[in-house]
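Coordinates as given in input-v5.pdb (PDB, C-alpha atoms and all ligand atoms):
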ATOM      1  CA  MET A  54      71.647  75.134 146.222
ATOM      2  CA  PRO A  55      69.841  76.118 149.453
ATOM      3  CA  HIS A  56      67.702  73.406 151.059
ATOM      4  CA  PRO A  57      63.940  73.719 150.521
ATOM      5  CA  PRO A  58      62.191  74.817 153.727
ATOM      6  CA  LEU A  59      60.822  72.143 156.072
ATOM      7  CA  ARG A  60      57.214  71.195 155.433
ATOM      8  CA  SER A  61      54.902  73.505 157.361
ATOM      9  CA  PHE A  62      51.704  71.660 156.436
ATOM     10  CA  GLY A  63      50.236  68.252 157.264
ATOM     11  CA  ARG A  64      48.327  66.121 154.775
ATOM     12  CA  VAL A  65      48.054  67.196 151.155
ATOM     13  CA  LYS A  66      45.072  64.912 150.548
ATOM     14  CA  SER A  67      42.465  63.204 152.757
ATOM     15  CA  ARG A  68      39.152  61.736 151.656
ATOM     16  CA  THR A  69      38.242  61.224 148.006
ATOM     17  CA  ILE A  70      37.342  64.517 146.382
ATOM     18  CA  LYS A  71      33.672  64.644 145.338
ATOM     19  CA  PRO A  72      33.080  64.296 141.572
ATOM     20  CA  ARG A  73      31.891  67.888 141.103
ATOM     21  CA  GLN A  74      34.907  69.304 142.912
ATOM     22  CA  ALA A  75      37.223  66.883 141.084
ATOM     23  CA  ALA A  76      35.798  68.214 137.808
ATOM     24  CA  LEU A  77      36.539  71.789 138.925
ATOM     25  CA  MET A  78      40.142  70.744 139.663
ATOM     26  CA  GLU A  79      40.366  69.749 135.994
ATOM     27  CA  THR A  80      38.509  72.665 134.446
ATOM     28  CA  LEU A  81      38.582  75.726 136.729
ATOM     29  CA  LEU A  82      41.898  75.325 138.565
ATOM     30  CA  PRO A  83      44.116  75.602 135.449
ATOM     31  CA  ALA A  84      42.401  78.897 134.578
ATOM     32  CA  LEU A  85      42.918  80.325 138.075
ATOM     33  CA  ARG A  86      46.407  79.029 138.803
ATOM     34  CA  ALA A  87      49.059  81.693 139.481
ATOM     35  CA  PRO A  88      52.077  81.555 137.155
ATOM     36  CA  ALA A  89      54.900  79.159 138.020
ATOM     37  CA  GLU A  90      57.541  81.786 137.252
ATOM     38  CA  PRO A  91      58.118  85.350 138.593
ATOM     39  CA  PHE A  92      55.101  87.532 137.789
ATOM     40  CA  ASP A  93      53.441  90.845 138.527
ATOM     41  CA  PRO A  94      50.198  89.954 140.346
ATOM     42  CA  HIS A  95      48.544  93.177 139.149
ATOM     43  CA  ALA A  96      48.822  91.851 135.596
ATOM     44  CA  LEU A  97      46.522  88.950 136.549
ATOM     45  CA  LYS A  98      43.604  91.385 136.847
ATOM     46  CA  PRO A  99      44.635  94.872 135.720
ATOM     47  CA  ASP A 100      41.382  96.476 136.900
ATOM     48  CA  ALA A 101      41.935  95.314 140.502
ATOM     49  CA  ALA A 102      42.769  98.210 142.814
ATOM     50  CA  GLU A 103      44.919  96.014 145.052
ATOM     51  CA  VAL A 104      46.190  92.478 145.442
ATOM     52  CA  TRP A 105      45.824  90.410 148.617
ATOM     53  CA  LEU A 106      47.308  87.043 149.584
ATOM     54  CA  GLU A 107      45.838  84.419 151.895
ATOM     55  CA  ILE A 108      48.286  81.766 153.039
ATOM     56  CA  GLY A 109      46.767  78.423 154.050
ATOM     57  CA  PHE A 110      43.145  79.149 153.150
ATOM     58  CA  GLY A 111      41.957  75.686 154.279
ATOM     59  CA  GLY A 112      38.511  75.168 152.735
ATOM     60  CA  GLY A 113      38.527  78.688 151.281
ATOM     61  CA  GLU A 114      35.536  80.077 153.204
ATOM     62  CA  HIS A 115      37.342  83.200 154.438
ATOM     63  CA  MET A 116      38.953  83.832 151.060
ATOM     64  CA  ALA A 117      35.663  83.488 149.165
ATOM     65  CA  GLU A 118      33.774  85.747 151.557
ATOM     66  CA  GLN A 119      36.490  88.430 151.458
ATOM     67  CA  ALA A 120      36.585  88.214 147.653
ATOM     68  CA  SER A 121      32.840  88.611 147.447
ATOM     69  CA  ARG A 122      32.864  91.610 149.814
ATOM     70  CA  ARG A 123      35.749  93.269 147.970
ATOM     71  CA  PRO A 124      35.350  92.772 144.210
ATOM     72  CA  ASP A 125      37.867  95.592 143.689
ATOM     73  CA  ALA A 126      40.634  93.457 145.217
ATOM     74  CA  LEU A 127      42.279  90.426 143.630
ATOM     75  CA  ILE A 128      42.904  87.701 146.212
ATOM     76  CA  ILE A 129      45.552  85.064 145.624
ATOM     77  CA  GLY A 130      45.126  82.033 147.843
ATOM     78  CA  ALA A 131      47.886  79.522 148.565
ATOM     79  CA  GLU A 132      47.095  76.068 149.924
ATOM     80  CA  PRO A 133      48.813  72.705 149.321
ATOM     81  CA  PHE A 134      45.915  70.617 150.766
ATOM     82  CA  GLN A 135      44.131  69.296 147.682
ATOM     83  CA  ASN A 136      40.768  68.787 149.394
ATOM     84  CA  GLY A 137      40.943  72.410 150.545
ATOM     85  CA  VAL A 138      41.720  73.611 147.021
ATOM     86  CA  ALA A 139      38.772  71.557 145.707
ATOM     87  CA  SER A 140      36.476  73.058 148.345
ATOM     88  CA  ALA A 141      37.674  76.586 147.507
ATOM     89  CA  LEU A 142      36.974  75.969 143.817
ATOM     90  CA  ARG A 143      33.398  75.045 144.723
ATOM     91  CA  HIS A 144      32.976  78.328 146.632
ATOM     92  CA  ILE A 145      34.517  80.317 143.755
ATOM     93  CA  ASP A 146      32.303  78.563 141.212
ATOM     94  CA  GLU A 147      29.074  78.817 143.232
ATOM     95  CA  ARG A 148      29.588  82.512 143.948
ATOM     96  CA  GLY A 149      30.819  83.286 140.438
ATOM     97  CA  LEU A 150      33.901  85.015 141.858
ATOM     98  CA  GLN A 151      36.115  86.647 139.250
ATOM     99  CA  ASN A 152      38.743  87.997 141.632
ATOM    100  CA  VAL A 153      40.446  84.905 143.071
ATOM    101  CA  ARG A 154      43.603  83.182 141.827
ATOM    102  CA  LEU A 155      45.168  80.109 143.368
ATOM    103  CA  HIS A 156      48.525  78.584 144.106
ATOM    104  CA  ASP A 157      47.908  74.911 144.939
ATOM    105  CA  GLY A 158      51.198  74.474 146.746
ATOM    106  CA  ASP A 159      53.541  75.938 149.335
ATOM    107  CA  ALA A 160      53.008  79.689 149.766
ATOM    108  CA  ARG A 161      56.739  80.163 150.253
ATOM    109  CA  ASP A 162      57.324  79.165 146.606
ATOM    110  CA  LEU A 163      54.750  81.721 145.517
ATOM    111  CA  LEU A 164      56.268  84.464 147.683
ATOM    112  CA  GLY A 165      59.584  84.024 145.915
ATOM    113  CA  ARG A 166      57.890  84.793 142.585
ATOM    114  CA  LEU A 167      56.284  88.047 143.715
ATOM    115  CA  PRO A 168      57.935  91.434 143.202
ATOM    116  CA  ASP A 169      58.748  93.758 146.094
ATOM    117  CA  ALA A 170      55.867  95.887 147.387
ATOM    118  CA  SER A 171      53.238  94.141 145.243
ATOM    119  CA  LEU A 172      50.622  93.238 147.886
ATOM    120  CA  ALA A 173      48.266  95.386 149.953
ATOM    121  CA  ARG A 174      47.262  92.681 152.429
ATOM    122  CA  VAL A 175      48.409  89.267 153.602
ATOM    123  CA  PHE A 176      46.381  86.890 155.787
ATOM    124  CA  VAL A 177      47.936  84.061 157.789
ATOM    125  CA  LEU A 178      44.940  82.728 159.696
ATOM    126  CA  PHE A 179      45.248  79.858 162.109
ATOM    127  CA  PRO A 180      48.367  78.302 160.584
ATOM    128  CA  ASP A 181      49.311  74.764 161.643
ATOM    129  CA  PRO A 182      50.462  75.255 165.259
ATOM    130  CA  TRP A 183      53.125  72.540 165.468
ATOM    131  CA  PRO A 184      52.890  72.649 169.284
ATOM    132  CA  LYS A 185      55.672  70.156 170.090
ATOM    133  CA  ALA A 186      59.050  71.848 170.615
ATOM    134  CA  ARG A 187      60.783  69.518 168.172
ATOM    135  CA  HIS A 188      58.334  70.647 165.465
ATOM    136  CA  HIS A 189      58.641  74.386 166.024
ATOM    137  CA  LYS A 190      61.013  74.618 163.070
ATOM    138  CA  ARG A 191      58.072  73.591 160.856
ATOM    139  CA  ARG A 192      56.043  76.638 161.827
ATOM    140  CA  LEU A 193      55.260  78.909 158.912
ATOM    141  CA  VAL A 194      56.217  82.020 160.852
ATOM    142  CA  GLN A 195      60.017  82.104 160.934
ATOM    143  CA  ALA A 196      62.367  85.055 160.614
ATOM    144  CA  ASP A 197      62.954  84.380 156.903
ATOM    145  CA  THR A 198      59.240  84.016 156.062
ATOM    146  CA  ALA A 199      58.497  87.203 158.014
ATOM    147  CA  ALA A 200      61.158  89.035 155.981
ATOM    148  CA  GLU A 201      59.657  87.708 152.723
ATOM    149  CA  LEU A 202      56.147  88.761 153.743
ATOM    150  CA  THR A 203      57.472  92.225 154.529
ATOM    151  CA  ARG A 204      59.292  92.436 151.206
ATOM    152  CA  VAL A 205      56.160  91.701 149.182
ATOM    153  CA  LEU A 206      53.938  94.098 151.154
ATOM    154  CA  ARG A 207      53.667  97.614 149.820
ATOM    155  CA  PRO A 208      54.328 100.498 152.244
ATOM    156  CA  GLY A 209      51.150 100.845 154.309
ATOM    157  CA  GLY A 210      50.222  97.245 153.425
ATOM    158  CA  ARG A 211      48.957  95.041 156.230
ATOM    159  CA  LEU A 212      49.640  91.552 157.528
ATOM    160  CA  ARG A 213      47.068  89.765 159.684
ATOM    161  CA  PHE A 214      48.105  86.737 161.740
ATOM    162  CA  ALA A 215      45.651  84.805 163.892
ATOM    163  CA  SER A 216      46.061  81.785 166.141
ATOM    164  CA  ASP A 217      44.421  80.144 169.121
ATOM    165  CA  TRP A 218      47.642  78.559 170.331
ATOM    166  CA  ALA A 219      49.213  80.839 172.962
ATOM    167  CA  ASP A 220      52.766  79.662 172.362
ATOM    168  CA  TYR A 221      52.459  80.214 168.598
ATOM    169  CA  VAL A 222      51.079  83.709 169.203
ATOM    170  CA  ASP A 223      54.086  84.539 171.405
ATOM    171  CA  TRP A 224      56.476  82.930 168.912
ATOM    172  CA  SER A 225      55.020  84.883 165.981
ATOM    173  CA  LEU A 226      54.816  88.176 167.819
ATOM    174  CA  GLU A 227      58.474  87.888 168.793
ATOM    175  CA  ARG A 228      59.565  87.225 165.209
ATOM    176  CA  LEU A 229      57.245  89.675 163.465
ATOM    177  CA  ILE A 230      58.086  92.534 165.837
ATOM    178  CA  ALA A 231      61.776  91.865 165.200
ATOM    179  CA  THR A 232      61.294  92.110 161.407
ATOM    180  CA  PRO A 233      62.614  95.409 160.000
ATOM    181  CA  GLY A 234      59.894  97.327 158.158
ATOM    182  CA  LEU A 235      57.004  95.771 160.073
ATOM    183  CA  ALA A 236      55.158  97.503 162.922
ATOM    184  CA  TRP A 237      52.508  95.975 165.206
ATOM    185  CA  THR A 238      49.417  98.172 165.162
ATOM    186  CA  ALA A 239      47.927  97.168 168.550
ATOM    187  CA  GLU A 240      47.447  99.878 171.146
ATOM    188  CA  ARG A 241      45.376  98.031 173.733
ATOM    189  CA  ALA A 242      44.525  94.416 174.602
ATOM    190  CA  SER A 243      41.151  94.563 172.871
ATOM    191  CA  ASP A 244      43.031  95.106 169.584
ATOM    192  CA  TRP A 245      44.334  91.540 169.673
ATOM    193  CA  ARG A 246      41.524  89.932 171.661
ATOM    194  CA  THR A 247      38.645  91.158 169.508
ATOM    195  CA  PRO A 248      38.312  89.907 165.936
ATOM    196  CA  PRO A 249      38.948  92.796 163.505
ATOM    197  CA  ALA A 250      35.782  94.354 162.076
ATOM    198  CA  ASP A 251      36.316  92.807 158.642
ATOM    199  CA  HIS A 252      37.254  89.349 159.946
ATOM    200  CA  VAL A 253      35.382  86.306 158.663
ATOM    201  CA  THR A 254      35.360  83.378 161.115
ATOM    202  CA  THR A 255      37.275  80.466 159.626
ATOM    203  CA  ARG A 256      36.402  76.794 159.744
ATOM    204  CA  TYR A 257      39.454  75.945 161.839
ATOM    205  CA  GLU A 258      38.778  78.839 164.197
ATOM    206  CA  GLU A 259      35.250  77.522 164.821
ATOM    207  CA  LYS A 260      36.631  74.179 166.008
ATOM    208  CA  ARG A 261      38.376  75.839 168.983
ATOM    209  CA  LEU A 262      41.194  73.287 168.948
ATOM    210  CA  GLY A 263      43.797  75.593 170.450
ATOM    211  CA  ASP A 264      44.649  76.342 174.060
ATOM    212  CA  CYS A 265      43.531  80.005 174.131
ATOM    213  CA  ALA A 266      40.896  82.279 172.652
ATOM    214  CA  PRO A 267      41.732  83.442 169.108
ATOM    215  CA  VAL A 268      44.333  86.202 169.025
ATOM    216  CA  PHE A 269      44.612  88.586 166.064
ATOM    217  CA  LEU A 270      47.915  90.326 165.362
ATOM    218  CA  GLU A 271      47.837  93.091 162.757
ATOM    219  CA  PHE A 272      51.027  94.572 161.332
ATOM    220  CA  VAL A 273      51.690  97.414 158.903
ATOM    221  CA  LYS A 274      54.588  97.735 156.486
ATOM    222  CA  THR A 275      56.246 100.942 157.522
ATOM    223  CA  ALA A 276      58.416 101.884 154.561
TER     224      ALA A 276
HETATM  225  C1  LIG A 301      45.125  74.737 160.612
HETATM  226  S1  LIG A 301      44.760  74.978 158.941
HETATM  227  C2  LIG A 301      43.791  76.474 158.922
HETATM  228  C3  LIG A 301      43.080  76.677 157.630
HETATM  229  C4  LIG A 301      42.278  77.984 157.523
HETATM  230  N1  LIG A 301      43.138  79.146 157.534
HETATM  231  C5  LIG A 301      41.256  78.088 158.622
HETATM  232  O1  LIG A 301      41.473  78.875 159.543
HETATM  233  O2  LIG A 301      40.241  77.367 158.549
HETATM  234  C6  LIG A 301      46.295  75.541 158.280
HETATM  235  C7  LIG A 301      46.350  75.434 156.777
HETATM  236  O3  LIG A 301      47.569  76.023 156.323
HETATM  237  C8  LIG A 301      48.043  75.252 155.238
HETATM  238  N2  LIG A 301      49.489  75.502 155.109
HETATM  239  C9  LIG A 301      50.463  75.102 155.941
HETATM  240  N3  LIG A 301      51.668  75.464 155.469
HETATM  241  C10 LIG A 301      51.430  76.132 154.308
HETATM  242  C11 LIG A 301      52.269  76.743 153.352
HETATM  243  N4  LIG A 301      53.605  76.718 153.476
HETATM  244  N5  LIG A 301      51.706  77.334 152.284
HETATM  245  C12 LIG A 301      50.353  77.348 152.141
HETATM  246  N6  LIG A 301      49.511  76.785 153.020
HETATM  247  C13 LIG A 301      50.039  76.176 154.081
HETATM  248  C14 LIG A 301      47.681  73.816 155.624
HETATM  249  O4  LIG A 301      47.662  72.944 154.518
HETATM  250  C15 LIG A 301      46.333  73.998 156.269
HETATM  251  O5  LIG A 301      45.278  73.862 155.341
END
Can the structure from this file be put into C-alpha cells for me?
Ligand SMILES: C[S@@+](CC[C@H](N)C(=O)[O-])C[C@H]1O[C@@H](n2cnc3c(N)ncnc32)[C@H](O)[C@@H]1O
Amino acid sequence: MPHPPLRSFGRVKSRTIKPRQAALMETLLPALRAPAEPFDPHALKPDAAEVWLEIGFGGGEHMAEQASRRPDALIIGAEPFQNGVASALRHIDERGLQNVRLHDGDARDLLGRLPDASLARVFVLFPDPWPKARHHKRRLVQADTAAELTRVLRPGGRLRFASDWADYVDWSLERLIATPGLAWTAERASDWRTPPADHVTTRYEEKRLGDCAPVFLEFVKTA
C-alpha cells in the first residue's frame, strides 16, 4: 500500500462553529457532499455545461462568487478545514446556490475519484505556503499532484494557481511547467502580475501575509 501524502493543510478546526453554521453542517452538507467513491462529476448536475474544482477554498468566498456568476458551471470545492466548510455552507445557503458541491477533506483524495478529462477549470488559490525548507514536502504543488491535476483537466481546460510567497511561486512554476500536457499561458509580466479579469479577491489574499505581491499563474491542458 502506498503511503498517504503528507498533510498539506494546518488546522482542521479552530473556534466553535456558530449554531446556524453547525446546523448547516448537519442538514446541507450531506446533500452537497461529493461521492466517496469514483464518480462522474457531470452526473452530479447533468445540466451543467462544465465542472470546475476549487482546492482549499478557505471560507468559500471565491467559490460562492464564481458559482453565482456562472450558474452554468458546477463548482466542486475541497477543503478539510471545518470552520471553512461551515462558512462556505452559509454563503451557499444565503445565496441559494444550486451549483456547488463539497468535499470536506483532502482534495487529493477527491482527485483520485475523478475520471480523466472531467474538469474544465481548477483553482488553487493561495495554498498554504509552508515557507520553511523542511516543510516544502508538505506543499500541495508537487510533481505527482500536478500530474493528477493535468489528468483530470479536459483538453483546453485551465488551471489557475495564485500565491503571494515568491519561493512558492517559483517552486510551483518549476513543477507545473515540467508537467507533460500542461502549458503556461503567460506572454508578458503583466499576465502574472495582474489579477485575471474574472478573479475574485480571496480572504487570505486580502491579508497580504506573503513576501511578494500576489502572482497568478494560468496553465492550459494541451492535449
Ligand atoms: C492559506 S489558505 C487559503 C484559503 C483560500 N484559498 C483563500 O485564498 O482565502 C489555504 C487553504 O487550503 C486548504 N488546504 C490545504 N491543503 C489542502 C488539501 N490537500 N486539500 C484541500 N484543501 C487544502 C487549507 O485547509 C486552507 O484552508
Open item on the list: With only C-alpha atoms as the counted atoms, please give the residues lying no more than 8 Å from Ser61 of chain A, apart from itself and same-chain residues fewer than 2 positions off, as JSON, numbers by chain.
Closed with: {"A": [59, 63, 181, 191, 192, 193]}
Prev. selection, C-alpha atoms, output as a PDB file, in the frame of the given file:
ATOM      1  CA  LEU A  59      60.822  72.143 156.072  1.00  0.00           C
ATOM      2  CA  GLY A  63      50.236  68.252 157.264  1.00  0.00           C
ATOM      3  CA  ASP A 181      49.311  74.764 161.643  1.00  0.00           C
ATOM      4  CA  ARG A 191      58.072  73.591 160.856  1.00  0.00           C
ATOM      5  CA  ARG A 192      56.043  76.638 161.827  1.00  0.00           C
ATOM      6  CA  LEU A 193      55.260  78.909 158.912  1.00  0.00           C
TER       7      LEU A 193
END
Task: Result set of the PyMOL selection byres (((chain A and resi 248-256) around 10) and not hetatm) on the coordinates above, as a PyMOL selection string - done: chain A and resi 110-119+122+178-179+213+215+243-247+257-261+267-271
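Residue membership of the PyMOL selection byres (((chain A and resi 265) around 9) and not hetatm) in the shown file amounts to Ser216, Asp217, Trp218, Ala219, Arg261, Leu262, Gly263, Asp264, Ala266, Pro267 and Val268 of chain A.
Straight-line separation from atom CA of Pro72 of chain A to atom CA of Val138 of chain A: 13.8 Å.
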Could you work out an axis-aligned bounding box for all listed atoms of segment 183-191 of chain A, with 3 Å added on each of the six sides, and give its centre and edge lengths in Å to one decimal, as JSON?
{"center_x": 57.0, "center_y": 72.1, "center_z": 165.7, "size_x": 14.1, "size_y": 11.1, "size_z": 15.8}
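Using all atoms listed in the file, the shortest contact distance between ligand LIG 301 (chain A) and any of A:Thr69, A:Ser121, A:Thr232, A:Gln135 is found at A:Gln135.
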Task: Residues matched by the PyMOL selection byres (((chain A and resi 78) around 12) and not hetatm) as a ChimeraX atom specification - done: /A:70-77,79-86,135-143,145-146,155,157
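Ranking A:Phe176, A:Tyr221, A:Trp105, A:Phe272 by their shortest atom-to-atom distance to Ala236 of chain A, with only C-alpha atoms included, puts A:Phe272 first.
Nearest to Phe62 of chain A of all the residues A:Phe214, A:Trp237, A:Phe134, A:Trp224 is A:Phe134, counting all atoms listed in the file.
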TODO: Point out the residue among A:Leu127, A:Ala89, A:Val205, A:Leu163 with the least atom-to-atom distance to ligand LIG 301 (chain A), counting all atoms listed in the file.
DONE: A:Leu163
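The nearest approach to ligand LIG 301 (chain A) among the residues A:Glu90, A:Glu132, A:Asp162, A:Glu103, with all atoms listed in the file taken into account, belongs to A:Glu132.
Minimum distance to ligand LIG 301 (chain A) across A:Ser67, A:Ser225, A:Thr275, A:Thr238 (counting all atoms listed in the file) occurs at A:Ser67.
Every protein or nucleic acid residue with an atom no more than 8 Å from Lys98 of chain A, counting all atoms listed in the file and leaving out same-chain residues fewer than 3 positions away, appears here: Pro94, His95, Ala101, Leu127 and Asn152 of chain A.
Between atom CA of Ala239 of chain A and atom CA of Arg211 of chain A lies a distance of 12.5 Å.
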Complete the atoms of segment 223-235 of chain A to N, CA, C and O atoms and put them out as a PDB file, in the coordinates of the input.
ATOM      1  N   ASP A 223      52.865  83.929 170.841  1.00  0.00           N
ATOM      2  CA  ASP A 223      54.086  84.539 171.405  1.00  0.00           C
ATOM      3  C   ASP A 223      55.255  84.415 170.420  1.00  0.00           C
ATOM      4  O   ASP A 223      55.999  85.366 170.186  1.00  0.00           O
ATOM      5  N   TRP A 224      55.394  83.225 169.869  1.00  0.00           N
ATOM      6  CA  TRP A 224      56.476  82.930 168.912  1.00  0.00           C
ATOM      7  C   TRP A 224      56.399  83.891 167.719  1.00  0.00           C
ATOM      8  O   TRP A 224      57.404  84.483 167.297  1.00  0.00           O
ATOM      9  N   SER A 225      55.194  84.062 167.189  1.00  0.00           N
ATOM     10  CA  SER A 225      55.020  84.883 165.981  1.00  0.00           C
ATOM     11  C   SER A 225      55.215  86.358 166.298  1.00  0.00           C
ATOM     12  O   SER A 225      55.854  87.096 165.532  1.00  0.00           O
ATOM     13  N   LEU A 226      54.671  86.767 167.431  1.00  0.00           N
ATOM     14  CA  LEU A 226      54.816  88.176 167.819  1.00  0.00           C
ATOM     15  C   LEU A 226      56.301  88.528 167.946  1.00  0.00           C
ATOM     16  O   LEU A 226      56.756  89.555 167.428  1.00  0.00           O
ATOM     17  N   GLU A 227      57.031  87.647 168.599  1.00  0.00           N
ATOM     18  CA  GLU A 227      58.474  87.888 168.793  1.00  0.00           C
ATOM     19  C   GLU A 227      59.182  88.056 167.441  1.00  0.00           C
ATOM     20  O   GLU A 227      59.955  88.994 167.251  1.00  0.00           O
ATOM     21  N   ARG A 228      58.872  87.182 166.504  1.00  0.00           N
ATOM     22  CA  ARG A 228      59.565  87.225 165.209  1.00  0.00           C
ATOM     23  C   ARG A 228      59.064  88.375 164.326  1.00  0.00           C
ATOM     24  O   ARG A 228      59.849  89.013 163.620  1.00  0.00           O
ATOM     25  N   LEU A 229      57.779  88.632 164.351  1.00  0.00           N
ATOM     26  CA  LEU A 229      57.245  89.675 163.465  1.00  0.00           C
ATOM     27  C   LEU A 229      57.656  91.061 163.961  1.00  0.00           C
ATOM     28  O   LEU A 229      58.002  91.934 163.166  1.00  0.00           O
ATOM     29  N   ILE A 230      57.651  91.243 165.281  1.00  0.00           N
ATOM     30  CA  ILE A 230      58.086  92.534 165.837  1.00  0.00           C
ATOM     31  C   ILE A 230      59.552  92.792 165.502  1.00  0.00           C
ATOM     32  O   ILE A 230      59.963  93.936 165.279  1.00  0.00           O
ATOM     33  N   ALA A 231      60.332  91.716 165.452  1.00  0.00           N
ATOM     34  CA  ALA A 231      61.776  91.865 165.200  1.00  0.00           C
ATOM     35  C   ALA A 231      62.085  92.065 163.709  1.00  0.00           C
ATOM     36  O   ALA A 231      63.246  92.258 163.336  1.00  0.00           O
ATOM     37  N   THR A 232      61.059  92.004 162.852  1.00  0.00           N
ATOM     38  CA  THR A 232      61.294  92.110 161.407  1.00  0.00           C
ATOM     39  C   THR A 232      61.372  93.578 160.986  1.00  0.00           C
ATOM     40  O   THR A 232      60.405  94.328 161.173  1.00  0.00           O
ATOM     41  N   PRO A 233      62.510  94.005 160.431  1.00  0.00           N
ATOM     42  CA  PRO A 233      62.614  95.409 160.000  1.00  0.00           C
ATOM     43  C   PRO A 233      61.530  95.738 158.969  1.00  0.00           C
ATOM     44  O   PRO A 233      61.249  94.934 158.071  1.00  0.00           O
ATOM     45  N   GLY A 234      60.904  96.893 159.129  1.00  0.00           N
ATOM     46  CA  GLY A 234      59.894  97.327 158.158  1.00  0.00           C
ATOM     47  C   GLY A 234      58.483  96.913 158.524  1.00  0.00           C
ATOM     48  O   GLY A 234      57.540  97.196 157.788  1.00  0.00           O
ATOM     49  N   LEU A 235      58.335  96.216 159.663  1.00  0.00           N
ATOM     50  CA  LEU A 235      57.004  95.771 160.073  1.00  0.00           C
ATOM     51  C   LEU A 235      56.701  96.354 161.452  1.00  0.00           C
ATOM     52  O   LEU A 235      57.539  96.276 162.352  1.00  0.00           O
TER      53      LEU A 235
END
